[in-house]
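Participant: Just so it is clear, I am handing over coords.cif, which has mmCIF, C-alpha atoms.
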```cif
data_target
loop_
_atom_site.label_atom_id
_atom_site.label_comp_id
_atom_site.auth_asym_id
_atom_site.auth_seq_id
_atom_site.Cartn_x
_atom_site.Cartn_y
_atom_site.Cartn_z
CA MET A 25 5.13 11.70 15.11
CA GLU A 26 3.22 10.75 18.24
CA LEU A 27 2.64 7.14 17.21
CA LYS A 28 3.98 5.53 20.37
CA GLY A 29 1.64 2.90 21.78
CA LYS A 30 -0.47 2.55 18.67
CA VAL A 31 -1.14 -0.88 17.16
CA ALA A 32 -0.44 -1.43 13.47
CA VAL A 33 -1.22 -4.34 11.18
CA VAL A 34 1.12 -4.57 8.19
CA THR A 35 0.66 -7.02 5.32
CA GLY A 36 3.61 -8.04 3.19
CA GLY A 37 6.00 -7.25 6.03
CA ALA A 38 8.59 -9.62 4.59
CA GLY A 39 8.97 -7.63 1.36
CA GLY A 40 11.43 -4.88 0.58
CA ILE A 41 8.97 -2.05 1.23
CA GLY A 42 6.95 -3.89 3.87
CA SER A 43 10.01 -4.63 5.99
CA ALA A 44 11.04 -0.96 5.80
CA VAL A 45 7.55 0.03 6.95
CA VAL A 46 7.78 -2.38 9.87
CA ARG A 47 11.17 -1.00 10.93
CA ARG A 48 9.96 2.59 10.74
CA LEU A 49 6.83 1.93 12.77
CA LEU A 50 8.86 0.10 15.40
CA ASP A 51 11.21 3.08 15.59
CA GLU A 52 8.15 5.26 16.22
CA GLY A 53 7.14 3.09 19.18
CA VAL A 54 4.28 1.32 17.38
CA ARG A 55 3.30 -2.25 18.29
CA VAL A 56 3.44 -4.08 14.97
CA VAL A 57 1.64 -7.20 13.77
CA THR A 58 2.54 -8.60 10.35
CA ILE A 59 0.11 -10.65 8.33
CA GLY A 60 1.27 -12.59 5.30
CA ARG A 61 2.36 -15.89 3.85
CA ARG A 62 5.71 -15.49 5.62
CA ARG A 63 6.45 -14.04 9.04
CA GLY A 64 9.38 -12.21 7.51
CA THR A 65 11.23 -11.03 10.60
CA THR A 66 12.95 -12.43 13.66
CA ASP A 67 12.45 -9.19 15.58
CA LYS A 68 10.83 -10.23 18.85
CA ARG A 69 8.95 -6.95 19.01
CA VAL A 70 6.87 -8.02 16.00
CA VAL A 71 3.94 -10.41 16.21
CA GLY A 72 3.81 -12.47 13.02
CA VAL A 73 0.61 -14.06 11.77
CA VAL A 74 0.82 -16.42 8.80
CA CYS A 75 -2.21 -15.86 6.59
CA ASP A 76 -3.08 -15.67 2.89
CA VAL A 77 -4.63 -12.22 2.33
CA ALA A 78 -6.46 -13.57 -0.73
CA ASN A 79 -8.55 -15.76 1.62
CA PHE A 80 -11.11 -13.56 3.36
CA SER A 81 -12.13 -16.15 5.97
CA ALA A 82 -8.49 -16.54 7.01
CA VAL A 83 -8.01 -12.76 7.06
CA GLU A 84 -11.10 -12.26 9.21
CA ARG A 85 -9.89 -14.85 11.74
CA ALA A 86 -6.42 -13.32 11.85
CA VAL A 87 -7.69 -9.77 12.37
CA LYS A 88 -10.13 -10.83 15.09
CA GLY A 89 -7.22 -12.52 16.86
CA VAL A 90 -5.17 -9.32 16.70
CA ALA A 91 -8.08 -7.27 18.04
CA ARG A 92 -8.60 -9.68 20.93
CA ARG A 93 -4.94 -9.60 21.88
CA PHE A 94 -4.31 -5.85 21.61
CA LYS A 95 -7.85 -4.54 22.21
CA LYS A 96 -7.52 -2.16 19.25
CA ILE A 97 -6.13 -1.63 15.76
CA ASP A 98 -5.04 1.92 15.04
CA ILE A 99 -3.19 1.53 11.75
CA LEU A 100 -3.52 -0.78 8.75
CA VAL A 101 -0.82 -0.81 6.05
CA ASN A 102 -1.45 -2.98 2.99
CA CYS A 103 1.97 -3.75 1.46
CA ALA A 104 1.37 -7.31 0.24
CA GLY A 105 1.69 -7.61 -3.51
CA VAL A 106 2.86 -9.67 -6.48
CA GLN A 107 3.85 -8.52 -9.97
CA ALA A 108 3.45 -11.56 -12.25
CA PRO A 109 2.42 -12.24 -14.95
CA ILE A 110 4.76 -10.12 -17.05
CA GLY A 111 4.20 -9.96 -20.79
CA PRO A 112 1.47 -9.06 -23.30
CA PHE A 113 -2.04 -9.68 -21.98
CA ALA A 114 -2.88 -11.95 -24.93
CA SER A 115 -0.17 -14.39 -23.85
CA ASN A 116 -0.76 -14.19 -20.07
CA ASP A 117 -1.77 -17.26 -18.09
CA MET A 118 -5.21 -16.24 -16.77
CA LYS A 119 -4.80 -18.24 -13.58
CA GLU A 120 -1.69 -16.22 -12.83
CA TRP A 121 -3.50 -13.02 -13.85
CA GLU A 122 -6.40 -13.75 -11.51
CA LYS A 123 -3.97 -14.63 -8.70
CA ASN A 124 -2.43 -11.19 -9.07
CA ILE A 125 -5.82 -9.52 -8.70
CA ALA A 126 -6.67 -11.81 -5.77
CA ILE A 127 -3.59 -10.73 -3.82
CA ASN A 128 -3.11 -7.10 -4.86
CA LEU A 129 -6.73 -5.93 -5.03
CA PHE A 130 -8.83 -8.48 -3.17
CA GLY A 131 -6.14 -8.86 -0.50
CA THR A 132 -6.26 -5.12 0.17
CA ALA A 133 -10.07 -5.17 0.19
CA HIS A 134 -10.14 -8.17 2.53
CA MET A 135 -7.89 -6.45 5.05
CA CYS A 136 -9.87 -3.21 4.92
CA LYS A 137 -13.14 -5.11 5.32
CA ALA A 138 -11.84 -7.04 8.33
CA VAL A 139 -10.15 -4.12 10.10
CA ALA A 140 -12.66 -1.33 9.45
CA PRO A 141 -15.29 -2.47 12.01
CA PHE A 142 -12.75 -2.29 14.84
CA MET A 143 -11.68 1.21 13.80
CA MET A 144 -15.30 2.28 13.35
CA LYS A 145 -16.12 1.14 16.87
CA ARG A 146 -13.37 3.35 18.28
CA ARG A 147 -14.09 6.12 15.75
CA ALA A 148 -10.43 6.49 14.82
CA GLY A 149 -7.83 4.96 12.55
CA SER A 150 -5.60 5.29 9.53
CA ILE A 151 -5.47 2.93 6.55
CA VAL A 152 -2.60 3.16 4.08
CA ASN A 153 -2.77 1.17 0.85
CA PHE A 154 -0.01 0.74 -1.71
CA SER A 155 -0.61 1.63 -5.34
CA GLY A 156 1.72 2.84 -8.11
CA GLY A 157 2.99 0.52 -10.82
CA GLY A 158 0.77 1.78 -13.63
CA ALA A 159 -2.21 3.10 -11.68
CA THR A 160 -1.97 6.55 -13.26
CA GLY A 161 -1.03 5.58 -16.80
CA SER A 162 -0.78 2.72 -19.22
CA ARG A 163 1.77 0.06 -18.33
CA PRO A 164 2.00 -2.43 -21.20
CA ASN A 165 3.04 -5.98 -20.31
CA PHE A 166 1.98 -5.52 -16.67
CA SER A 167 -1.80 -5.56 -17.16
CA ALA A 168 -2.75 -7.52 -14.05
CA TYR A 169 -0.55 -5.50 -11.71
CA ALA A 170 -1.61 -2.14 -13.14
CA THR A 171 -5.30 -3.12 -13.14
CA ALA A 172 -5.12 -4.20 -9.51
CA LYS A 173 -3.33 -1.02 -8.47
CA ILE A 174 -5.85 1.29 -10.13
CA GLY A 175 -8.54 -0.69 -8.32
CA VAL A 176 -6.73 -0.04 -5.05
CA VAL A 177 -6.81 3.71 -5.74
CA LYS A 178 -10.55 3.73 -6.42
CA LEU A 179 -11.18 1.58 -3.33
CA THR A 180 -9.10 4.07 -1.33
CA GLU A 181 -11.17 7.02 -2.54
CA ILE A 182 -14.49 5.30 -1.82
CA LEU A 183 -13.50 4.07 1.63
CA ALA A 184 -12.20 7.53 2.51
CA ASP A 185 -15.68 8.93 1.85
CA GLU A 186 -17.54 6.10 3.58
CA LEU A 187 -15.33 6.06 6.68
CA ALA A 188 -14.95 9.83 7.11
CA PRO A 189 -17.87 10.01 9.60
CA TYR A 190 -15.91 7.59 11.80
CA ARG A 191 -12.77 9.76 11.66
CA ILE A 192 -10.90 7.07 9.75
CA ARG A 193 -8.46 8.29 7.10
CA VAL A 194 -7.68 6.17 4.02
CA ASN A 195 -4.84 7.02 1.65
CA ALA A 196 -2.73 5.32 -1.00
CA VAL A 197 1.03 5.51 -1.50
CA ALA A 198 2.92 5.31 -4.77
CA PRO A 199 6.39 4.27 -3.56
CA GLY A 200 8.28 4.96 -6.77
CA ALA A 201 10.73 2.62 -8.48
CA VAL A 202 12.11 0.77 -5.47
CA ASN A 203 14.70 -1.96 -6.01
CA THR A 204 12.91 -5.01 -4.61
CA LYS A 205 12.37 -8.56 -5.85
CA MET A 206 10.01 -7.06 -8.43
CA LEU A 207 13.00 -5.44 -10.10
CA ARG A 208 14.68 -8.82 -10.38
CA GLU A 209 11.48 -10.25 -11.88
CA VAL A 210 11.55 -7.62 -14.62
CA LEU A 211 15.20 -8.39 -15.38
CA ARG A 212 14.44 -12.10 -15.61
CA ALA A 213 11.44 -11.43 -17.86
CA GLY A 214 13.71 -9.72 -20.37
CA ALA A 215 11.96 -8.82 -23.63
CA ARG A 216 8.54 -9.83 -22.22
CA ALA A 217 8.70 -6.75 -19.97
CA GLY A 218 9.07 -4.43 -22.95
CA ALA A 219 12.10 -2.41 -24.05
CA GLY A 220 11.35 0.63 -21.88
CA GLU A 221 10.66 -1.34 -18.70
CA LEU A 222 13.74 -3.49 -19.19
CA ALA A 223 16.00 -0.51 -19.83
CA GLY A 224 14.69 1.26 -16.74
CA ALA A 225 15.16 -1.86 -14.63
CA LYS A 226 18.75 -2.25 -15.79
CA GLN A 227 19.47 1.38 -14.97
CA ARG A 228 17.96 1.07 -11.49
CA ALA A 229 19.89 -2.12 -10.85
CA LYS A 230 23.08 -0.26 -11.69
CA GLU A 231 22.40 3.12 -10.11
CA GLY A 232 19.91 2.25 -7.38
CA GLY A 233 16.21 3.00 -7.14
CA VAL A 234 14.07 4.95 -4.70
CA PRO A 235 14.96 3.85 -1.14
CA PRO A 236 12.13 1.89 0.52
CA GLU A 237 12.67 3.96 3.65
CA LEU A 238 11.13 6.94 1.86
CA ALA A 239 7.80 5.14 1.43
CA ALA A 240 8.05 3.96 5.04
CA GLU A 241 8.49 7.56 6.19
CA LEU A 242 5.42 8.58 4.20
CA VAL A 243 3.42 5.75 5.79
CA ALA A 244 4.41 6.96 9.25
CA PHE A 245 3.37 10.50 8.33
CA LEU A 246 -0.02 9.37 7.02
CA ALA A 247 -0.62 7.36 10.19
CA SER A 248 0.19 10.34 12.39
CA ASP A 249 -1.83 13.35 13.50
CA GLY A 250 0.36 15.43 11.20
CA ALA A 251 -1.75 14.14 8.30
CA ALA A 252 -5.09 14.95 9.97
CA GLY A 253 -7.60 16.01 7.34
CA LEU A 254 -5.81 14.21 4.53
CA SER A 255 -7.81 11.29 3.14
CA GLY A 256 -8.72 9.67 -0.16
CA ARG A 257 -5.46 10.69 -1.83
CA LEU A 258 -2.80 8.96 -3.90
CA ILE A 259 0.55 10.35 -2.78
CA SER A 260 3.88 9.75 -4.47
CA ALA A 261 6.69 9.16 -2.01
CA PRO A 262 9.45 10.56 -4.26
CA TRP A 263 7.56 13.20 -6.25
CA ASP A 264 5.01 14.93 -3.99
CA GLY A 265 6.24 17.50 -1.49
CA TRP A 266 4.55 15.91 1.51
CA LYS A 267 7.52 16.49 3.81
CA LYS A 268 6.90 20.23 3.65
CA TRP A 269 3.11 20.22 3.84
CA THR A 270 1.63 22.47 6.50
CA LYS A 271 -1.83 22.26 8.00
CA LYS A 272 -2.89 24.97 5.53
CA ASP A 273 -1.52 22.92 2.63
CA ILE A 274 -3.45 19.84 3.76
CA LYS A 275 -6.62 21.91 4.12
CA ARG A 276 -6.22 23.19 0.56
CA ILE A 277 -5.60 19.67 -0.75
CA ALA A 278 -8.67 18.35 1.08
CA ALA A 279 -10.84 21.05 -0.50
CA SER A 280 -9.72 20.14 -4.03
CA ASP A 281 -9.36 17.18 -6.39
CA ALA A 282 -5.59 17.24 -5.97
CA LEU A 283 -3.92 13.83 -5.73
CA LYS A 284 -7.04 12.05 -6.96
CA LEU A 285 -7.62 10.21 -10.22
CA ARG A 286 -9.88 12.24 -12.47
CA ARG A 287 -10.77 12.35 -16.16
CA MET A 288 -9.34 15.45 -17.82
CA PRO A 289 -11.89 17.05 -20.20
CA ILE A 290 -10.73 17.73 -23.72
CA SER A 291 -10.21 21.32 -24.78
CA ILE A 292 -10.04 22.03 -28.51
#
```
Let me see the structure of the file written as structure tokens.
Facilitator:
Amino acid sequence: MELKGKVAVVTGGAGGIGSAVVRRLLDEGVRVVTIGRRRGTTDKRVVGVVCDVANFSAVERAVKGVARRFKKIDILVNCAGVQAPIGPFASNDMKEWEKNIAINLFGTAHMCKAVAPFMMKRRAGSIVNFSGGGATGSRPNFSAYATAKIGVVKLTEILADELAPYRIRVNAVAPGAVNTKMLREVLRAGARAGAGELAGAKQRAKEGGVPPELAAELVAFLASDGAAGLSGRLISAPWDGWKKWTKKDIKRIAASDALKLRRMPISI
């Protein structure tokens, strides 16, 4: 995918999806820096920076340090995320609810804000954010997570428009139902997660969910020149046919509202 020699910053690199993204980028010859509360890997090829993405001052210092060391940042992948609180909004602990927004939405915004100037200076770059988890429909009992993820999608669309003159692409990935620690959280929550969520979690625990490597492959594609012209889109790793997209397909997508969140007018 012609990514060799590029520099990527990945948040949440210790998680199930984040670690898969790190491995895939390393396989593509990318120099990877992880930013998060845990370093998450003993791979000596990875530079780990311990930082709370919810703290913008800390994020800004960390990103400046990466830019000084590597002289550039080509790719940003925002994987860091938390799922709690689980349960009806009326019974949620608001401190926990606000913490979710701080990490999932503000954390993504902080990273984009800190990295964008370095990409703008070089007039090149790719930002990949992670959404899903209720961003495209109601997800009862997961209000904080779903609210944050829909915010990530709208931020993605806006940044794609604002950064287009600098040849910076911004997209969001919906990874699908991947079996990570979030699955175990749903199982532990039991009835608080809701009957449908709990049943689905039990089935995935038994049969297996979407492999995290699929989302990692999509991230690598979006960071590559193969995705040139594709920006401001929410792409599902398991459901959209991105593996078969040609340049003509991407051109048609770019000229439409496909893979964007839009209000559907009523027709009676």
Participant: Rounded to one decimal place, report the CA of Met118 in chain A-CA of Gly131 in chain A distance in Å.
Facilitator: 17.9 Å
Participant: Name the residues that the PyMOL selection byres ((chain A and resi 166) around 9) pulls out of this structure, and write them as JSON, numbers by chain.
Facilitator: {"A": [107, 108, 109, 110, 111, 112, 113, 157, 158, 163, 164, 165, 167, 168, 169, 170, 171, 217]}
Participant: Go ahead and write the residues just picked, C-alpha atoms, as an mmCIF file, in the coordinates of the input.
Facilitator:
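Listing of selection18.cif after writing:
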```
data_model
loop_
_atom_site.group_PDB
_atom_site.id
_atom_site.type_symbol
_atom_site.label_atom_id
_atom_site.label_comp_id
_atom_site.auth_asym_id
_atom_site.auth_seq_id
_atom_site.Cartn_x
_atom_site.Cartn_y
_atom_site.Cartn_z
ATOM 1 C CA GLN A 107 3.850 -8.520 -9.970
ATOM 2 C CA ALA A 108 3.450 -11.560 -12.250
ATOM 3 C CA PRO A 109 2.420 -12.240 -14.950
ATOM 4 C CA ILE A 110 4.760 -10.120 -17.050
ATOM 5 C CA GLY A 111 4.200 -9.960 -20.790
ATOM 6 C CA PRO A 112 1.470 -9.060 -23.300
ATOM 7 C CA PHE A 113 -2.040 -9.680 -21.980
ATOM 8 C CA GLY A 157 2.990 0.520 -10.820
ATOM 9 C CA GLY A 158 0.770 1.780 -13.630
ATOM 10 C CA ARG A 163 1.770 0.060 -18.330
ATOM 11 C CA PRO A 164 2.000 -2.430 -21.200
ATOM 12 C CA ASN A 165 3.040 -5.980 -20.310
ATOM 13 C CA SER A 167 -1.800 -5.560 -17.160
ATOM 14 C CA ALA A 168 -2.750 -7.520 -14.050
ATOM 15 C CA TYR A 169 -0.550 -5.500 -11.710
ATOM 16 C CA ALA A 170 -1.610 -2.140 -13.140
ATOM 17 C CA THR A 171 -5.300 -3.120 -13.140
ATOM 18 C CA ALA A 217 8.700 -6.750 -19.970
#
```
Participant: Can you tell me which residues surround range 66-69 of chain A at a distance of at most 10 Å, considering all atoms listed in the file, apart from same-chain residues fewer than 5 positions away, and format the answer as a list in words?
Facilitator: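 So the residues in contact are Arg47, Leu50, Val54, Arg55, Val56 and Val57 of chain A.
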Participant: Can those selected residues be exported to a file as a short mmCIF file (atom, residue, chain, number, x, y, z; two decimals), keeping the file's coordinate frame so that it contains C-alpha atoms?
Facilitator:
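Printed below is part_23.cif as written:
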```cif
data_model
loop_
_atom_site.label_atom_id
_atom_site.label_comp_id
_atom_site.auth_asym_id
_atom_site.auth_seq_id
_atom_site.Cartn_x
_atom_site.Cartn_y
_atom_site.Cartn_z
CA ARG A 47 11.17 -1.00 10.93
CA LEU A 50 8.86 0.10 15.40
CA VAL A 54 4.28 1.32 17.38
CA ARG A 55 3.30 -2.25 18.29
CA VAL A 56 3.44 -4.08 14.97
CA VAL A 57 1.64 -7.20 13.77
#
```
Participant: Could you write out as an MDAnalysis selection string the residues that the PyMOL selection byres ((chain A and resi 49) around 9) matches in the shown file?
Facilitator: chainID A and resid 27:28 32 44:48 50:56 240:241 243:244
Participant: Can you spit out the residues from that selection as an mmCIF file, keeping the file's coordinate frame, using C-alpha atoms?
Facilitator:
```cif
data_model
loop_
_atom_site.group_PDB
_atom_site.id
_atom_site.type_symbol
_atom_site.label_atom_id
_atom_site.label_comp_id
_atom_site.auth_asym_id
_atom_site.auth_seq_id
_atom_site.Cartn_x
_atom_site.Cartn_y
_atom_site.Cartn_z
ATOM 1 C CA LEU A 27 2.640 7.140 17.210
ATOM 2 C CA LYS A 28 3.980 5.530 20.370
ATOM 3 C CA ALA A 32 -0.440 -1.430 13.470
ATOM 4 C CA ALA A 44 11.040 -0.960 5.800
ATOM 5 C CA VAL A 45 7.550 0.030 6.950
ATOM 6 C CA VAL A 46 7.780 -2.380 9.870
ATOM 7 C CA ARG A 47 11.170 -1.000 10.930
ATOM 8 C CA ARG A 48 9.960 2.590 10.740
ATOM 9 C CA LEU A 50 8.860 0.100 15.400
ATOM 10 C CA ASP A 51 11.210 3.080 15.590
ATOM 11 C CA GLU A 52 8.150 5.260 16.220
ATOM 12 C CA GLY A 53 7.140 3.090 19.180
ATOM 13 C CA VAL A 54 4.280 1.320 17.380
ATOM 14 C CA ARG A 55 3.300 -2.250 18.290
ATOM 15 C CA VAL A 56 3.440 -4.080 14.970
ATOM 16 C CA ALA A 240 8.050 3.960 5.040
ATOM 17 C CA GLU A 241 8.490 7.560 6.190
ATOM 18 C CA VAL A 243 3.420 5.750 5.790
ATOM 19 C CA ALA A 244 4.410 6.960 9.250
#
```
Participant: Would you kindly identify which residues have an atom no farther than 10 Å from (-12.1, -8.7, 2.9), using only C-alpha atoms and the file's own coordinates, and write them out as a short mmCIF file (atom, residue, chain, number, x, y, z; two decimals) with C-alpha atoms, in the coordinates of the input?
Facilitator:
```cif
data_model
loop_
_atom_site.label_atom_id
_atom_site.label_comp_id
_atom_site.auth_asym_id
_atom_site.auth_seq_id
_atom_site.Cartn_x
_atom_site.Cartn_y
_atom_site.Cartn_z
CA VAL A 77 -4.63 -12.22 2.33
CA ALA A 78 -6.46 -13.57 -0.73
CA ASN A 79 -8.55 -15.76 1.62
CA PHE A 80 -11.11 -13.56 3.36
CA SER A 81 -12.13 -16.15 5.97
CA ALA A 82 -8.49 -16.54 7.01
CA VAL A 83 -8.01 -12.76 7.06
CA GLU A 84 -11.10 -12.26 9.21
CA LEU A 129 -6.73 -5.93 -5.03
CA PHE A 130 -8.83 -8.48 -3.17
CA GLY A 131 -6.14 -8.86 -0.50
CA THR A 132 -6.26 -5.12 0.17
CA ALA A 133 -10.07 -5.17 0.19
CA HIS A 134 -10.14 -8.17 2.53
CA MET A 135 -7.89 -6.45 5.05
CA CYS A 136 -9.87 -3.21 4.92
CA LYS A 137 -13.14 -5.11 5.32
CA ALA A 138 -11.84 -7.04 8.33
CA VAL A 139 -10.15 -4.12 10.10
CA ALA A 140 -12.66 -1.33 9.45
#
```
Participant: Given only C-alpha atoms as the basis, pick out the residue of A:Gly105, A:Gly36, A:Pro289, A:Gly256 nearest to Ile151 in chain A.
Facilitator: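 When distances to Ile151 in chain A are compared using only C-alpha atoms, the smallest one comes from A:Gly256.
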Participant: As a ChimeraX atom specification, please: the residues near Asp281 in chain A (cut-off 12 Å, only C-alpha atoms, same-chain neighbours under 6 positions excluded).
Facilitator: /A:181,254-258,275,287-288
Participant: If you keep C-alpha atoms, can you produce a file of those selected residues as an mmCIF file, in the coordinates of the input?
Facilitator:
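Ended up saving to out.cif:
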```
data_model
loop_
_atom_site.group_PDB
_atom_site.id
_atom_site.type_symbol
_atom_site.label_atom_id
_atom_site.label_comp_id
_atom_site.auth_asym_id
_atom_site.auth_seq_id
_atom_site.Cartn_x
_atom_site.Cartn_y
_atom_site.Cartn_z
ATOM 1 C CA GLU A 181 -11.170 7.020 -2.540
ATOM 2 C CA LEU A 254 -5.810 14.210 4.530
ATOM 3 C CA SER A 255 -7.810 11.290 3.140
ATOM 4 C CA GLY A 256 -8.720 9.670 -0.160
ATOM 5 C CA ARG A 257 -5.460 10.690 -1.830
ATOM 6 C CA LEU A 258 -2.800 8.960 -3.900
ATOM 7 C CA LYS A 275 -6.620 21.910 4.120
ATOM 8 C CA ARG A 287 -10.770 12.350 -16.160
ATOM 9 C CA MET A 288 -9.340 15.450 -17.820
#
```
Participant: When you count only C-alpha atoms, which of these residues is closest to Asn102 in chain A: A:Gly149, A:Gly250, A:Gly37, A:Gly156?
Facilitator: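 Of all the options, A:Gly37 lies closest to Asn102 in chain A.
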Participant: Counting all atoms listed in the file, which residue out of A:Lys96, A:Gly220, A:Lys271, A:Ala188 sits closest to Asp249 in chain A?
Facilitator: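 Using all atoms listed in the file, Asp249 in chain A sits closest to A:Lys271.
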Participant: Quote the spacing between CA of Ser162 in chain A and CA of Ile174 in chain A in Å to one decimal place.
Facilitator: 10.5 Å
Participant: One number please: CA of Gly218 in chain A to CA of Ala201 in chain A, in Å, one decimal.
Facilitator: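 So the two atoms, CA of Gly218 in chain A and CA of Ala201 in chain A, lie 16.2 Å apart.
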Participant: As an mmCIF file with C-alpha atoms, keeping the file's coordinate frame, please: the residues near Ala38 in chain A (cut-off 7 Å, all atoms listed in the file, same-chain neighbours under 2 positions excluded).
Facilitator:
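out_35.cif written:
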```
data_model
loop_
_atom_site.group_PDB
_atom_site.id
_atom_site.type_symbol
_atom_site.label_atom_id
_atom_site.label_comp_id
_atom_site.auth_asym_id
_atom_site.auth_seq_id
_atom_site.Cartn_x
_atom_site.Cartn_y
_atom_site.Cartn_z
ATOM 1 C CA GLY A 36 3.610 -8.040 3.190
ATOM 2 C CA GLY A 40 11.430 -4.880 0.580
ATOM 3 C CA GLY A 42 6.950 -3.890 3.870
ATOM 4 C CA SER A 43 10.010 -4.630 5.990
ATOM 5 C CA ARG A 62 5.710 -15.490 5.620
ATOM 6 C CA ARG A 63 6.450 -14.040 9.040
ATOM 7 C CA GLY A 64 9.380 -12.210 7.510
ATOM 8 C CA THR A 65 11.230 -11.030 10.600
#
```
Participant: Decode the PyMOL selection byres ((chain A and resi 152) around 7) for the given file into explicit residues and return them as an mmCIF file with C-alpha atoms, keeping the file's coordinate frame.
Facilitator:
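Dumped to selection34.cif:
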```cif
data_model
loop_
_atom_site.group_PDB
_atom_site.id
_atom_site.type_symbol
_atom_site.label_atom_id
_atom_site.label_comp_id
_atom_site.auth_asym_id
_atom_site.auth_seq_id
_atom_site.Cartn_x
_atom_site.Cartn_y
_atom_site.Cartn_z
ATOM 1 C CA LEU A 100 -3.520 -0.780 8.750
ATOM 2 C CA VAL A 101 -0.820 -0.810 6.050
ATOM 3 C CA ASN A 102 -1.450 -2.980 2.990
ATOM 4 C CA SER A 150 -5.600 5.290 9.530
ATOM 5 C CA ILE A 151 -5.470 2.930 6.550
ATOM 6 C CA ASN A 153 -2.770 1.170 0.850
ATOM 7 C CA PHE A 154 -0.010 0.740 -1.710
ATOM 8 C CA VAL A 194 -7.680 6.170 4.020
ATOM 9 C CA ASN A 195 -4.840 7.020 1.650
ATOM 10 C CA ALA A 196 -2.730 5.320 -1.000
ATOM 11 C CA VAL A 243 3.420 5.750 5.790
#
```
Participant: Applying 7 Å and all atoms listed in the file, which residues near Ser155 in chain A remain after dropping the ones on its own chain fewer than 3 positions away? List them as a VMD selection string.
Facilitator: chain A and resid 159 173 176 to 177 196 to 198
Participant: Can you work out which one of A:Ile182, A:Lys268, A:Leu207, A:Pro262 has the shortest atom-to-atom distance to Lys230 in chain A, counting all atoms listed in the file?
Facilitator: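 With all atoms listed in the file as the atom set, the closest residue is A:Leu207.
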Participant: Which one is closest to Arg146 in chain A: A:Val202, A:Ala279, A:Ala91, A:Ala225? Count all atoms listed in the file.
Facilitator: A:Ala91
Participant: Pick the closest to Ser248 in chain A from A:Arg193, A:Phe142, A:Ile41, A:Val70: which is it, counting only C-alpha atoms?
Facilitator: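 Smallest separation from Ser248 in chain A among the options: A:Arg193.
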